>>> print(open('my_file-v6.txt').read())   # compact mmCIF, N, CA, C and O atoms
# COMPACT_ATOMS: atom_id res chain seq x y z
N MET R 1 117.22 95.29 98.58
CA MET R 1 117.06 96.41 99.48
C MET R 1 117.89 97.61 99.05
O MET R 1 117.67 98.68 99.54
N ASP R 2 118.82 97.44 98.17
CA ASP R 2 119.63 98.57 97.73
C ASP R 2 118.80 99.62 97.01
O ASP R 2 119.25 100.73 96.81
N ARG R 3 117.58 99.27 96.63
CA ARG R 3 116.75 100.17 95.83
C ARG R 3 116.06 101.23 96.67
O ARG R 3 115.43 102.12 96.12
N ILE R 4 116.11 101.16 97.98
CA ILE R 4 115.43 102.16 98.80
C ILE R 4 116.43 102.95 99.63
O ILE R 4 117.50 102.47 99.96
N ALA R 5 116.05 104.17 99.94
CA ALA R 5 116.92 105.08 100.67
C ALA R 5 117.28 104.53 102.05
O ALA R 5 116.50 103.80 102.66
N VAL R 6 118.43 104.93 102.52
CA VAL R 6 118.92 104.48 103.83
C VAL R 6 117.93 104.82 104.92
O VAL R 6 117.67 104.02 105.82
N SER R 7 117.34 106.01 104.88
CA SER R 7 116.39 106.41 105.92
C SER R 7 115.17 105.50 105.95
O SER R 7 114.67 105.16 107.02
N ARG R 8 114.71 105.05 104.81
CA ARG R 8 113.58 104.13 104.75
C ARG R 8 113.99 102.74 105.25
O ARG R 8 113.21 102.07 105.91
N ARG R 9 115.18 102.32 104.91
CA ARG R 9 115.67 101.04 105.43
C ARG R 9 115.71 101.06 106.95
O ARG R 9 115.31 100.10 107.61
N ARG R 10 116.22 102.17 107.48
CA ARG R 10 116.32 102.32 108.93
C ARG R 10 114.93 102.26 109.57
O ARG R 10 114.74 101.61 110.59
N GLU R 11 113.95 102.90 108.96
CA GLU R 11 112.59 102.88 109.51
C GLU R 11 112.00 101.48 109.43
O GLU R 11 111.32 101.05 110.37
N LEU R 12 112.23 100.75 108.35
CA LEU R 12 111.75 99.37 108.27
C LEU R 12 112.39 98.52 109.36
O LEU R 12 111.71 97.69 110.01
N TYR R 13 113.66 98.72 109.61
CA TYR R 13 114.35 98.01 110.69
C TYR R 13 113.72 98.36 112.04
O TYR R 13 113.44 97.48 112.86
N ASN R 14 113.47 99.65 112.26
CA ASN R 14 112.87 100.07 113.53
C ASN R 14 111.46 99.52 113.71
O ASN R 14 111.06 99.16 114.81
N ILE R 15 110.70 99.45 112.62
CA ILE R 15 109.36 98.87 112.67
C ILE R 15 109.45 97.39 113.04
O ILE R 15 108.71 96.91 113.90
N ALA R 16 110.35 96.66 112.40
CA ALA R 16 110.52 95.24 112.72
C ALA R 16 110.91 95.07 114.19
O ALA R 16 110.38 94.19 114.88
N GLN R 17 111.81 95.89 114.66
CA GLN R 17 112.25 95.81 116.05
C GLN R 17 111.09 96.09 117.02
O GLN R 17 110.93 95.36 118.00
N GLU R 18 110.30 97.08 116.73
CA GLU R 18 109.15 97.41 117.58
C GLU R 18 108.12 96.28 117.58
O GLU R 18 107.58 95.91 118.62
N ALA R 19 107.86 95.72 116.41
CA ALA R 19 106.91 94.61 116.31
C ALA R 19 107.42 93.38 117.07
O ALA R 19 106.64 92.70 117.76
N LEU R 20 108.71 93.11 116.97
CA LEU R 20 109.28 91.99 117.74
C LEU R 20 109.20 92.25 119.24
O LEU R 20 108.87 91.35 120.01
N ASN R 21 109.50 93.47 119.65
CA ASN R 21 109.39 93.81 121.07
C ASN R 21 107.96 93.60 121.57
O ASN R 21 107.75 93.05 122.65
N ASN R 22 106.97 94.04 120.77
CA ASN R 22 105.58 93.84 121.16
C ASN R 22 105.26 92.35 121.31
O ASN R 22 104.62 91.94 122.28
N ALA R 23 105.69 91.57 120.35
CA ALA R 23 105.42 90.12 120.40
C ALA R 23 106.08 89.48 121.62
O ALA R 23 105.48 88.67 122.30
N LEU R 24 107.31 89.86 121.90
CA LEU R 24 108.03 89.28 123.03
C LEU R 24 107.44 89.70 124.37
O LEU R 24 107.37 88.91 125.30
N ARG R 25 107.03 90.95 124.47
CA ARG R 25 106.50 91.48 125.73
C ARG R 25 105.07 91.07 126.02
O ARG R 25 104.70 90.87 127.17
N HIS R 26 104.24 90.98 124.99
CA HIS R 26 102.81 90.88 125.21
C HIS R 26 102.15 89.61 124.68
O HIS R 26 101.11 89.21 125.20
N ALA R 27 102.69 89.00 123.66
CA ALA R 27 101.98 87.93 122.95
C ALA R 27 102.09 86.56 123.59
O ALA R 27 101.24 85.71 123.35
N HIS R 28 103.15 86.33 124.36
CA HIS R 28 103.40 84.98 124.91
C HIS R 28 103.44 83.95 123.78
O HIS R 28 102.91 82.85 123.90
N ALA R 29 104.08 84.31 122.69
CA ALA R 29 104.13 83.48 121.49
C ALA R 29 105.17 82.37 121.63
O ALA R 29 106.19 82.54 122.29
N LYS R 30 104.91 81.28 120.98
CA LYS R 30 105.88 80.18 120.87
C LYS R 30 106.77 80.38 119.65
O LYS R 30 107.88 79.88 119.60
N SER R 31 106.26 81.10 118.65
CA SER R 31 107.08 81.39 117.48
C SER R 31 106.72 82.76 116.91
O SER R 31 105.58 83.22 117.04
N ILE R 32 107.72 83.37 116.29
CA ILE R 32 107.54 84.67 115.63
C ILE R 32 108.23 84.56 114.28
O ILE R 32 109.39 84.16 114.19
N LEU R 33 107.51 84.91 113.24
CA LEU R 33 108.04 84.89 111.88
C LEU R 33 108.27 86.33 111.43
O LEU R 33 107.38 87.16 111.51
N VAL R 34 109.48 86.60 110.97
CA VAL R 34 109.80 87.90 110.38
C VAL R 34 110.16 87.64 108.93
O VAL R 34 111.02 86.81 108.64
N ARG R 35 109.47 88.34 108.05
CA ARG R 35 109.69 88.10 106.62
C ARG R 35 109.79 89.44 105.90
O ARG R 35 109.02 90.36 106.14
N LEU R 36 110.76 89.53 105.01
CA LEU R 36 110.94 90.71 104.18
C LEU R 36 110.93 90.26 102.73
O LEU R 36 111.79 89.49 102.31
N ASP R 37 109.92 90.70 101.99
CA ASP R 37 109.78 90.35 100.58
C ASP R 37 110.06 91.57 99.73
O ASP R 37 109.53 92.64 99.98
N SER R 38 110.88 91.38 98.71
CA SER R 38 111.19 92.45 97.78
C SER R 38 110.66 92.06 96.41
O SER R 38 111.02 91.01 95.87
N ARG R 39 109.80 92.91 95.90
CA ARG R 39 109.26 92.72 94.56
C ARG R 39 109.76 93.87 93.70
O ARG R 39 110.42 94.77 94.19
N GLU R 40 109.39 93.85 92.45
CA GLU R 40 109.89 94.88 91.53
C GLU R 40 109.61 96.30 92.02
O GLU R 40 110.47 97.16 91.99
N ARG R 41 108.40 96.56 92.51
CA ARG R 41 108.04 97.91 92.95
C ARG R 41 107.46 97.94 94.36
O ARG R 41 106.72 98.86 94.70
N GLN R 42 107.80 96.96 95.17
CA GLN R 42 107.24 96.92 96.50
C GLN R 42 108.15 96.14 97.46
O GLN R 42 108.73 95.14 97.09
N ILE R 43 108.25 96.67 98.67
CA ILE R 43 108.91 95.97 99.77
C ILE R 43 107.82 95.67 100.79
O ILE R 43 107.04 96.56 101.14
N GLU R 44 107.76 94.44 101.26
CA GLU R 44 106.76 94.08 102.26
C GLU R 44 107.44 93.44 103.46
O GLU R 44 108.17 92.46 103.33
N LEU R 45 107.20 94.01 104.63
CA LEU R 45 107.70 93.49 105.90
C LEU R 45 106.54 92.87 106.64
O LEU R 45 105.49 93.51 106.80
N THR R 46 106.70 91.63 107.09
CA THR R 46 105.67 90.94 107.86
C THR R 46 106.29 90.43 109.14
O THR R 46 107.36 89.81 109.12
N VAL R 47 105.62 90.70 110.26
CA VAL R 47 105.99 90.13 111.55
C VAL R 47 104.73 89.46 112.08
O VAL R 47 103.71 90.11 112.29
N GLU R 48 104.81 88.14 112.25
CA GLU R 48 103.63 87.35 112.62
C GLU R 48 103.98 86.43 113.79
O GLU R 48 105.02 85.78 113.78
N ASP R 49 103.08 86.41 114.78
CA ASP R 49 103.31 85.52 115.92
C ASP R 49 102.09 84.64 116.16
O ASP R 49 101.01 84.89 115.62
N ASN R 50 102.30 83.57 116.94
CA ASN R 50 101.21 82.66 117.26
C ASN R 50 100.77 82.84 118.72
O ASN R 50 100.32 81.92 119.36
N GLY R 51 100.87 84.06 119.19
CA GLY R 51 100.57 84.36 120.59
C GLY R 51 99.10 84.55 120.88
O GLY R 51 98.22 84.10 120.15
N ILE R 52 98.84 85.27 121.96
CA ILE R 52 97.48 85.38 122.50
C ILE R 52 96.58 86.32 121.69
O ILE R 52 95.36 86.27 121.84
N GLY R 53 97.15 87.15 120.86
CA GLY R 53 96.35 88.06 120.04
C GLY R 53 95.59 89.07 120.90
O GLY R 53 95.71 89.09 122.12
N PHE R 54 94.82 89.91 120.24
CA PHE R 54 94.05 90.92 120.96
C PHE R 54 93.01 91.53 120.03
O PHE R 54 93.04 91.33 118.82
N VAL R 55 92.08 92.27 120.61
CA VAL R 55 91.12 93.06 119.86
C VAL R 55 91.69 94.46 119.80
O VAL R 55 91.94 95.08 120.83
N PHE R 56 91.91 94.98 118.59
CA PHE R 56 92.61 96.26 118.40
C PHE R 56 91.99 97.38 119.23
O PHE R 56 92.70 98.12 119.90
N ASP R 57 90.69 97.52 119.20
CA ASP R 57 90.03 98.61 119.92
C ASP R 57 90.17 98.49 121.43
O ASP R 57 90.01 99.46 122.16
N GLU R 58 90.47 97.29 121.91
CA GLU R 58 90.61 97.06 123.34
C GLU R 58 92.07 96.98 123.79
O GLU R 58 92.35 96.74 124.95
N ALA R 59 92.99 97.19 122.85
CA ALA R 59 94.42 97.11 123.17
C ALA R 59 94.78 98.24 124.14
O ALA R 59 94.17 99.30 124.14
N SER R 60 95.79 97.98 124.93
CA SER R 60 96.23 99.00 125.89
C SER R 60 96.70 100.25 125.16
O SER R 60 96.94 100.24 123.96
N SER R 61 96.86 101.29 125.88
CA SER R 61 97.27 102.56 125.28
C SER R 61 98.77 102.65 125.10
O SER R 61 99.32 103.74 125.02
N GLY R 62 99.44 101.53 125.03
CA GLY R 62 100.88 101.52 124.84
C GLY R 62 101.27 102.18 123.53
O GLY R 62 100.46 102.39 122.63
N MET R 63 102.53 102.49 123.42
CA MET R 63 103.02 103.24 122.26
C MET R 63 103.50 102.35 121.12
O MET R 63 103.73 102.85 120.02
N GLY R 64 103.65 101.06 121.32
CA GLY R 64 104.23 100.19 120.30
C GLY R 64 103.52 100.25 118.96
O GLY R 64 104.13 100.55 117.93
N LEU R 65 102.23 99.95 118.94
CA LEU R 65 101.49 99.97 117.68
C LEU R 65 101.40 101.38 117.11
O LEU R 65 101.50 101.57 115.90
N HIS R 66 101.24 102.35 117.98
CA HIS R 66 101.20 103.74 117.52
C HIS R 66 102.52 104.11 116.84
O HIS R 66 102.51 104.72 115.76
N ASN R 67 103.64 103.73 117.44
CA ASN R 67 104.95 104.01 116.84
C ASN R 67 105.10 103.34 115.48
O ASN R 67 105.63 103.95 114.54
N ILE R 68 104.64 102.10 115.37
CA ILE R 68 104.73 101.38 114.10
C ILE R 68 103.91 102.10 113.03
O ILE R 68 104.38 102.33 111.91
N GLN R 69 102.69 102.49 113.38
CA GLN R 69 101.83 103.19 112.43
C GLN R 69 102.46 104.51 112.00
O GLN R 69 102.45 104.86 110.81
N GLU R 70 103.00 105.25 112.93
CA GLU R 70 103.61 106.54 112.61
C GLU R 70 104.85 106.38 111.75
O GLU R 70 105.06 107.15 110.81
N ARG R 71 105.69 105.39 112.05
CA ARG R 71 106.88 105.15 111.25
C ARG R 71 106.50 104.77 109.81
O ARG R 71 107.13 105.23 108.85
N ALA R 72 105.49 103.91 109.68
CA ALA R 72 105.02 103.52 108.35
C ALA R 72 104.52 104.75 107.58
O ALA R 72 104.87 104.94 106.41
N LYS R 73 103.75 105.57 108.24
CA LYS R 73 103.22 106.78 107.61
C LYS R 73 104.35 107.71 107.16
O LYS R 73 104.30 108.27 106.07
N GLU R 74 105.37 107.85 108.00
CA GLU R 74 106.50 108.74 107.69
C GLU R 74 107.22 108.36 106.40
O GLU R 74 107.75 109.21 105.70
N ILE R 75 107.27 107.06 106.11
CA ILE R 75 107.97 106.62 104.90
C ILE R 75 107.01 106.33 103.75
O ILE R 75 107.41 105.81 102.72
N GLY R 76 105.73 106.65 103.94
CA GLY R 76 104.75 106.47 102.88
C GLY R 76 104.33 105.03 102.67
O GLY R 76 103.92 104.65 101.57
N ALA R 77 104.41 104.22 103.72
CA ALA R 77 104.06 102.80 103.63
C ALA R 77 102.67 102.56 104.21
O ALA R 77 102.20 103.30 105.07
N ALA R 78 102.03 101.51 103.74
CA ALA R 78 100.74 101.09 104.26
C ALA R 78 100.96 100.17 105.47
O ALA R 78 101.91 99.38 105.49
N PHE R 79 100.10 100.29 106.47
CA PHE R 79 100.17 99.50 107.69
C PHE R 79 98.93 98.62 107.76
O PHE R 79 97.81 99.10 107.59
N PHE R 80 99.14 97.32 108.00
CA PHE R 80 98.03 96.37 108.14
C PHE R 80 98.24 95.57 109.42
O PHE R 80 99.37 95.16 109.71
N LEU R 81 97.17 95.36 110.15
CA LEU R 81 97.24 94.58 111.38
C LEU R 81 96.07 93.62 111.41
O LEU R 81 94.92 94.02 111.19
N ILE R 82 96.38 92.34 111.65
CA ILE R 82 95.35 91.32 111.82
C ILE R 82 95.62 90.65 113.15
O ILE R 82 96.73 90.15 113.39
N SER R 83 94.61 90.65 114.02
CA SER R 83 94.76 90.00 115.31
C SER R 83 93.39 89.69 115.88
O SER R 83 92.41 90.39 115.58
N ALA R 84 93.32 88.65 116.67
CA ALA R 84 92.10 88.27 117.37
C ALA R 84 92.53 87.46 118.59
O ALA R 84 93.59 86.82 118.57
N PRO R 85 91.73 87.48 119.64
CA PRO R 85 92.09 86.70 120.84
C PRO R 85 92.38 85.24 120.49
O PRO R 85 91.64 84.61 119.75
N HIS R 86 93.49 84.76 120.99
CA HIS R 86 93.94 83.37 120.82
C HIS R 86 94.24 83.01 119.36
O HIS R 86 94.33 81.83 119.01
N GLN R 87 94.43 84.01 118.50
CA GLN R 87 94.69 83.78 117.09
C GLN R 87 96.03 84.34 116.63
O GLN R 87 96.35 84.30 115.45
N GLY R 88 96.78 84.95 117.53
CA GLY R 88 98.05 85.54 117.14
C GLY R 88 97.87 86.92 116.53
O GLY R 88 96.76 87.46 116.48
N THR R 89 98.97 87.48 116.07
CA THR R 89 98.97 88.82 115.49
C THR R 89 99.86 88.84 114.26
O THR R 89 100.93 88.23 114.25
N LYS R 90 99.41 89.54 113.25
CA LYS R 90 100.19 89.71 112.03
C LYS R 90 100.23 91.19 111.69
O LYS R 90 99.18 91.83 111.56
N ILE R 91 101.43 91.73 111.56
CA ILE R 91 101.64 93.12 111.16
C ILE R 91 102.33 93.10 109.81
O ILE R 91 103.33 92.39 109.63
N GLN R 92 101.79 93.87 108.88
CA GLN R 92 102.42 94.00 107.56
C GLN R 92 102.61 95.47 107.23
O GLN R 92 101.74 96.30 107.49
N ILE R 93 103.76 95.74 106.64
CA ILE R 93 104.10 97.07 106.16
C ILE R 93 104.41 96.92 104.68
O ILE R 93 105.26 96.12 104.29
N ARG R 94 103.70 97.68 103.83
CA ARG R 94 103.94 97.63 102.39
C ARG R 94 104.42 98.99 101.91
O ARG R 94 103.72 99.98 102.03
N LEU R 95 105.61 98.97 101.35
CA LEU R 95 106.23 100.19 100.86
C LEU R 95 106.31 100.11 99.34
O LEU R 95 107.00 99.24 98.79
N GLU R 96 105.57 100.98 98.68
CA GLU R 96 105.59 101.05 97.22
C GLU R 96 106.81 101.85 96.78
O GLU R 96 107.14 102.87 97.37
N LEU R 97 107.47 101.38 95.74
CA LEU R 97 108.65 102.05 95.20
C LEU R 97 108.30 102.75 93.90
O LEU R 97 107.40 102.33 93.18
N GLU R 98 109.01 103.80 93.63
CA GLU R 98 108.83 104.51 92.36
C GLU R 98 109.31 103.61 91.22
O GLU R 98 110.10 102.69 91.43
N PRO R 99 108.85 103.87 89.99
CA PRO R 99 109.26 103.03 88.86
C PRO R 99 110.77 102.89 88.70
O PRO R 99 111.26 101.85 88.29
N ASN R 100 111.54 103.90 89.07
CA ASN R 100 112.99 103.79 88.94
C ASN R 100 113.60 103.05 90.13
O ASN R 100 114.81 102.91 90.20
N GLY R 101 112.75 102.61 91.09
CA GLY R 101 113.24 101.79 92.20
C GLY R 101 113.59 102.57 93.45
O GLY R 101 113.98 101.99 94.43
N THR R 102 113.46 103.88 93.43
CA THR R 102 113.79 104.67 94.62
C THR R 102 112.57 105.45 95.08
O THR R 102 111.59 105.57 94.36
N ARG R 103 112.70 105.99 96.27
CA ARG R 103 111.64 106.86 96.78
C ARG R 103 112.04 107.39 98.11
O ARG R 103 112.54 106.79 98.96
>>> encode(input="my_file-v6.txt", output="structure tokens")
Amino acid sequence: MDRIAVSRRRELYNIAQEALNNALRHAHAKSILVRLDSRERQIELTVEDNGIGFVFDEASSGMGLHNIQERAKEIGAAFFLISAPHQGTKIQIRLELEPNGTR
């Protein structure tokens, strides 16, 4: 993690916190997995739960997912969401790093 700027680290932390809050408040999950993978030119944050899931287009107008998407966009990261009723939810954030390891 030393390879990315402090501001980006802070945003990844905030994204993880928001995703955990969503899972705790809405998913009724029995387990939540938080994973941070660091590769040579990529950081990937995954927050996955085994909760009730949802259909994205039918999700409430809450700010949680919107905040996550906006934070990812601000740091130049890709946002992925997989969810379905009774299938849980998986949120992934992929942050590409410059060849010298910073950005």
>>> atom_distance(input="my_file-v6.txt", atom1="atom N of Gly76 (chain R)", atom2="atom O of Ile32 (chain R)")
25.0 Å
>>> closest_residue(input="my_file-v6.txt", among="R:Ile93, R:Met63, R:Ile52, R:Ile68", to="Val34 (chain R)", atoms="only C-alpha atoms")
R:Ile93
>>> closest_residue(input="my_file-v6.txt", among="R:Glu70, R:Asp37, R:Asp57, R:Asp49", to="His86 (chain R)", atoms="only C-alpha atoms")
R:Asp49
>>> select_by_dssp(input="my_file-v6.txt", residues="chain R", states="strand (DSSP E or B)", output="count of residues only")
30
>>> atom_distance(input="my_file-v6.txt", atom1="atom C of Ile91 (chain R)", atom2="atom O of Asn67 (chain R)")
12.3 Å
>>> atom_distance(input="my_file-v6.txt", atom1="atom O of Arg41 (chain R)", atom2="atom N of Phe79 (chain R)")
13.6 Å
>>> residues_around(input="my_file-v6.txt", residues="Leu20 (chain R)", least_positions_apart="5", cutoff="8 Å", atoms="only N, CA, C and O atoms", output="ChimeraX atom specification")
/R:13-15,25-27,32,47-48
>>> closest_residue(input="my_file-v6.txt", among="R:Leu36, R:Gly51, R:Ile75, R:Phe56", to="Glu96 (chain R)", atoms="only C-alpha atoms")
R:Ile75
>>> closest_atom_pairs(input="my_file-v6.txt", of="region 43-91 of chain R", to="region 5-9 of chain R", cutoff="12 Å", atoms="only C-alpha atoms", output="tab-separated table")
residue	atom	partner	partner_atom	distance
R:Ile43	CA	R:Arg9	CA	10.2
R:Glu44	CA	R:Arg9	CA	11.7
R:Leu45	CA	R:Arg9	CA	11.0
R:Arg71	CA	R:Arg8	CA	9.4
R:Ala72	CA	R:Arg8	CA	9.3
R:Lys73	CA	R:Arg8	CA	11.1
R:Glu74	CA	R:Arg8	CA	8.9
R:Ile75	CA	R:Arg8	CA	6.1
R:Gly76	CA	R:Arg8	CA	9.3
R:Ala77	CA	R:Arg8	CA	9.7
>>> select_by_dssp(input="my_file-v6.txt", residues="chain R", states="alpha helix (DSSP H)", output="JSON list (two decimals) with N, CA, C and O atoms, in the frame of the given file")
[["chain", "number", "residue", "atom", "x", "y", "z"],
["R", 6, "VAL", "N", 118.43, 104.93, 102.52],
["R", 6, "VAL", "CA", 118.92, 104.48, 103.83],
["R", 6, "VAL", "C", 117.93, 104.82, 104.92],
["R", 6, "VAL", "O", 117.67, 104.02, 105.82],
["R", 7, "SER", "N", 117.34, 106.01, 104.88],
["R", 7, "SER", "CA", 116.39, 106.41, 105.92],
["R", 7, "SER", "C", 115.17, 105.50, 105.95],
["R", 7, "SER", "O", 114.67, 105.16, 107.02],
["R", 8, "ARG", "N", 114.71, 105.05, 104.81],
["R", 8, "ARG", "CA", 113.58, 104.13, 104.75],
["R", 8, "ARG", "C", 113.99, 102.74, 105.25],
["R", 8, "ARG", "O", 113.21, 102.07, 105.91],
["R", 9, "ARG", "N", 115.18, 102.32, 104.91],
["R", 9, "ARG", "CA", 115.67, 101.04, 105.43],
["R", 9, "ARG", "C", 115.71, 101.06, 106.95],
["R", 9, "ARG", "O", 115.31, 100.10, 107.61],
["R", 10, "ARG", "N", 116.22, 102.17, 107.48],
["R", 10, "ARG", "CA", 116.32, 102.32, 108.93],
["R", 10, "ARG", "C", 114.93, 102.26, 109.57],
["R", 10, "ARG", "O", 114.74, 101.61, 110.59],
["R", 11, "GLU", "N", 113.95, 102.90, 108.96],
["R", 11, "GLU", "CA", 112.59, 102.88, 109.51],
["R", 11, "GLU", "C", 112.00, 101.48, 109.43],
["R", 11, "GLU", "O", 111.32, 101.05, 110.37],
["R", 12, "LEU", "N", 112.23, 100.75, 108.35],
["R", 12, "LEU", "CA", 111.75, 99.37, 108.27],
["R", 12, "LEU", "C", 112.39, 98.52, 109.36],
["R", 12, "LEU", "O", 111.71, 97.69, 110.01],
["R", 13, "TYR", "N", 113.66, 98.72, 109.61],
["R", 13, "TYR", "CA", 114.35, 98.01, 110.69],
["R", 13, "TYR", "C", 113.72, 98.36, 112.04],
["R", 13, "TYR", "O", 113.44, 97.48, 112.86],
["R", 14, "ASN", "N", 113.47, 99.65, 112.26],
["R", 14, "ASN", "CA", 112.87, 100.07, 113.53],
["R", 14, "ASN", "C", 111.46, 99.52, 113.71],
["R", 14, "ASN", "O", 111.06, 99.16, 114.81],
["R", 15, "ILE", "N", 110.70, 99.45, 112.62],
["R", 15, "ILE", "CA", 109.36, 98.87, 112.67],
["R", 15, "ILE", "C", 109.45, 97.39, 113.04],
["R", 15, "ILE", "O", 108.71, 96.91, 113.90],
["R", 16, "ALA", "N", 110.35, 96.66, 112.40],
["R", 16, "ALA", "CA", 110.52, 95.24, 112.72],
["R", 16, "ALA", "C", 110.91, 95.07, 114.19],
["R", 16, "ALA", "O", 110.38, 94.19, 114.88],
["R", 17, "GLN", "N", 111.81, 95.89, 114.66],
["R", 17, "GLN", "CA", 112.25, 95.81, 116.05],
["R", 17, "GLN", "C", 111.09, 96.09, 117.02],
["R", 17, "GLN", "O", 110.93, 95.36, 118.00],
["R", 18, "GLU", "N", 110.30, 97.08, 116.73],
["R", 18, "GLU", "CA", 109.15, 97.41, 117.58],
["R", 18, "GLU", "C", 108.12, 96.28, 117.58],
["R", 18, "GLU", "O", 107.58, 95.91, 118.62],
["R", 19, "ALA", "N", 107.86, 95.72, 116.41],
["R", 19, "ALA", "CA", 106.91, 94.61, 116.31],
["R", 19, "ALA", "C", 107.42, 93.38, 117.07],
["R", 19, "ALA", "O", 106.64, 92.70, 117.76],
["R", 20, "LEU", "N", 108.71, 93.11, 116.97],
["R", 20, "LEU", "CA", 109.28, 91.99, 117.74],
["R", 20, "LEU", "C", 109.20, 92.25, 119.24],
["R", 20, "LEU", "O", 108.87, 91.35, 120.01],
["R", 21, "ASN", "N", 109.50, 93.47, 119.65],
["R", 21, "ASN", "CA", 109.39, 93.81, 121.07],
["R", 21, "ASN", "C", 107.96, 93.60, 121.57],
["R", 21, "ASN", "O", 107.75, 93.05, 122.65],
["R", 22, "ASN", "N", 106.97, 94.04, 120.77],
["R", 22, "ASN", "CA", 105.58, 93.84, 121.16],
["R", 22, "ASN", "C", 105.26, 92.35, 121.31],
["R", 22, "ASN", "O", 104.62, 91.94, 122.28],
["R", 64, "GLY", "N", 103.65, 101.06, 121.32],
["R", 64, "GLY", "CA", 104.23, 100.19, 120.30],
["R", 64, "GLY", "C", 103.52, 100.25, 118.96],
["R", 64, "GLY", "O", 104.13, 100.55, 117.93],
["R", 65, "LEU", "N", 102.23, 99.95, 118.94],
["R", 65, "LEU", "CA", 101.49, 99.97, 117.68],
["R", 65, "LEU", "C", 101.40, 101.38, 117.11],
["R", 65, "LEU", "O", 101.50, 101.57, 115.90],
["R", 66, "HIS", "N", 101.24, 102.35, 117.98],
["R", 66, "HIS", "CA", 101.20, 103.74, 117.52],
["R", 66, "HIS", "C", 102.52, 104.11, 116.84],
["R", 66, "HIS", "O", 102.51, 104.72, 115.76],
["R", 67, "ASN", "N", 103.64, 103.73, 117.44],
["R", 67, "ASN", "CA", 104.95, 104.01, 116.84],
["R", 67, "ASN", "C", 105.10, 103.34, 115.48],
["R", 67, "ASN", "O", 105.63, 103.95, 114.54],
["R", 68, "ILE", "N", 104.64, 102.10, 115.37],
["R", 68, "ILE", "CA", 104.73, 101.38, 114.10],
["R", 68, "ILE", "C", 103.91, 102.10, 113.03],
["R", 68, "ILE", "O", 104.38, 102.33, 111.91],
["R", 69, "GLN", "N", 102.69, 102.49, 113.38],
["R", 69, "GLN", "CA", 101.83, 103.19, 112.43],
["R", 69, "GLN", "C", 102.46, 104.51, 112.00],
["R", 69, "GLN", "O", 102.45, 104.86, 110.81],
["R", 70, "GLU", "N", 103.00, 105.25, 112.93],
["R", 70, "GLU", "CA", 103.61, 106.54, 112.61],
["R", 70, "GLU", "C", 104.85, 106.38, 111.75],
["R", 70, "GLU", "O", 105.06, 107.15, 110.81],
["R", 71, "ARG", "N", 105.69, 105.39, 112.05],
["R", 71, "ARG", "CA", 106.88, 105.15, 111.25],
["R", 71, "ARG", "C", 106.50, 104.77, 109.81],
["R", 71, "ARG", "O", 107.13, 105.23, 108.85],
["R", 72, "ALA", "N", 105.49, 103.91, 109.68],
["R", 72, "ALA", "CA", 105.02, 103.52, 108.35],
["R", 72, "ALA", "C", 104.52, 104.75, 107.58],
["R", 72, "ALA", "O", 104.87, 104.94, 106.41],
["R", 73, "LYS", "N", 103.75, 105.57, 108.24],
["R", 73, "LYS", "CA", 103.22, 106.78, 107.61],
["R", 73, "LYS", "C", 104.35, 107.71, 107.16],
["R", 73, "LYS", "O", 104.30, 108.27, 106.07],
["R", 74, "GLU", "N", 105.37, 107.85, 108.00],
["R", 74, "GLU", "CA", 106.50, 108.74, 107.69],
["R", 74, "GLU", "C", 107.22, 108.36, 106.40],
["R", 74, "GLU", "O", 107.75, 109.21, 105.70]]
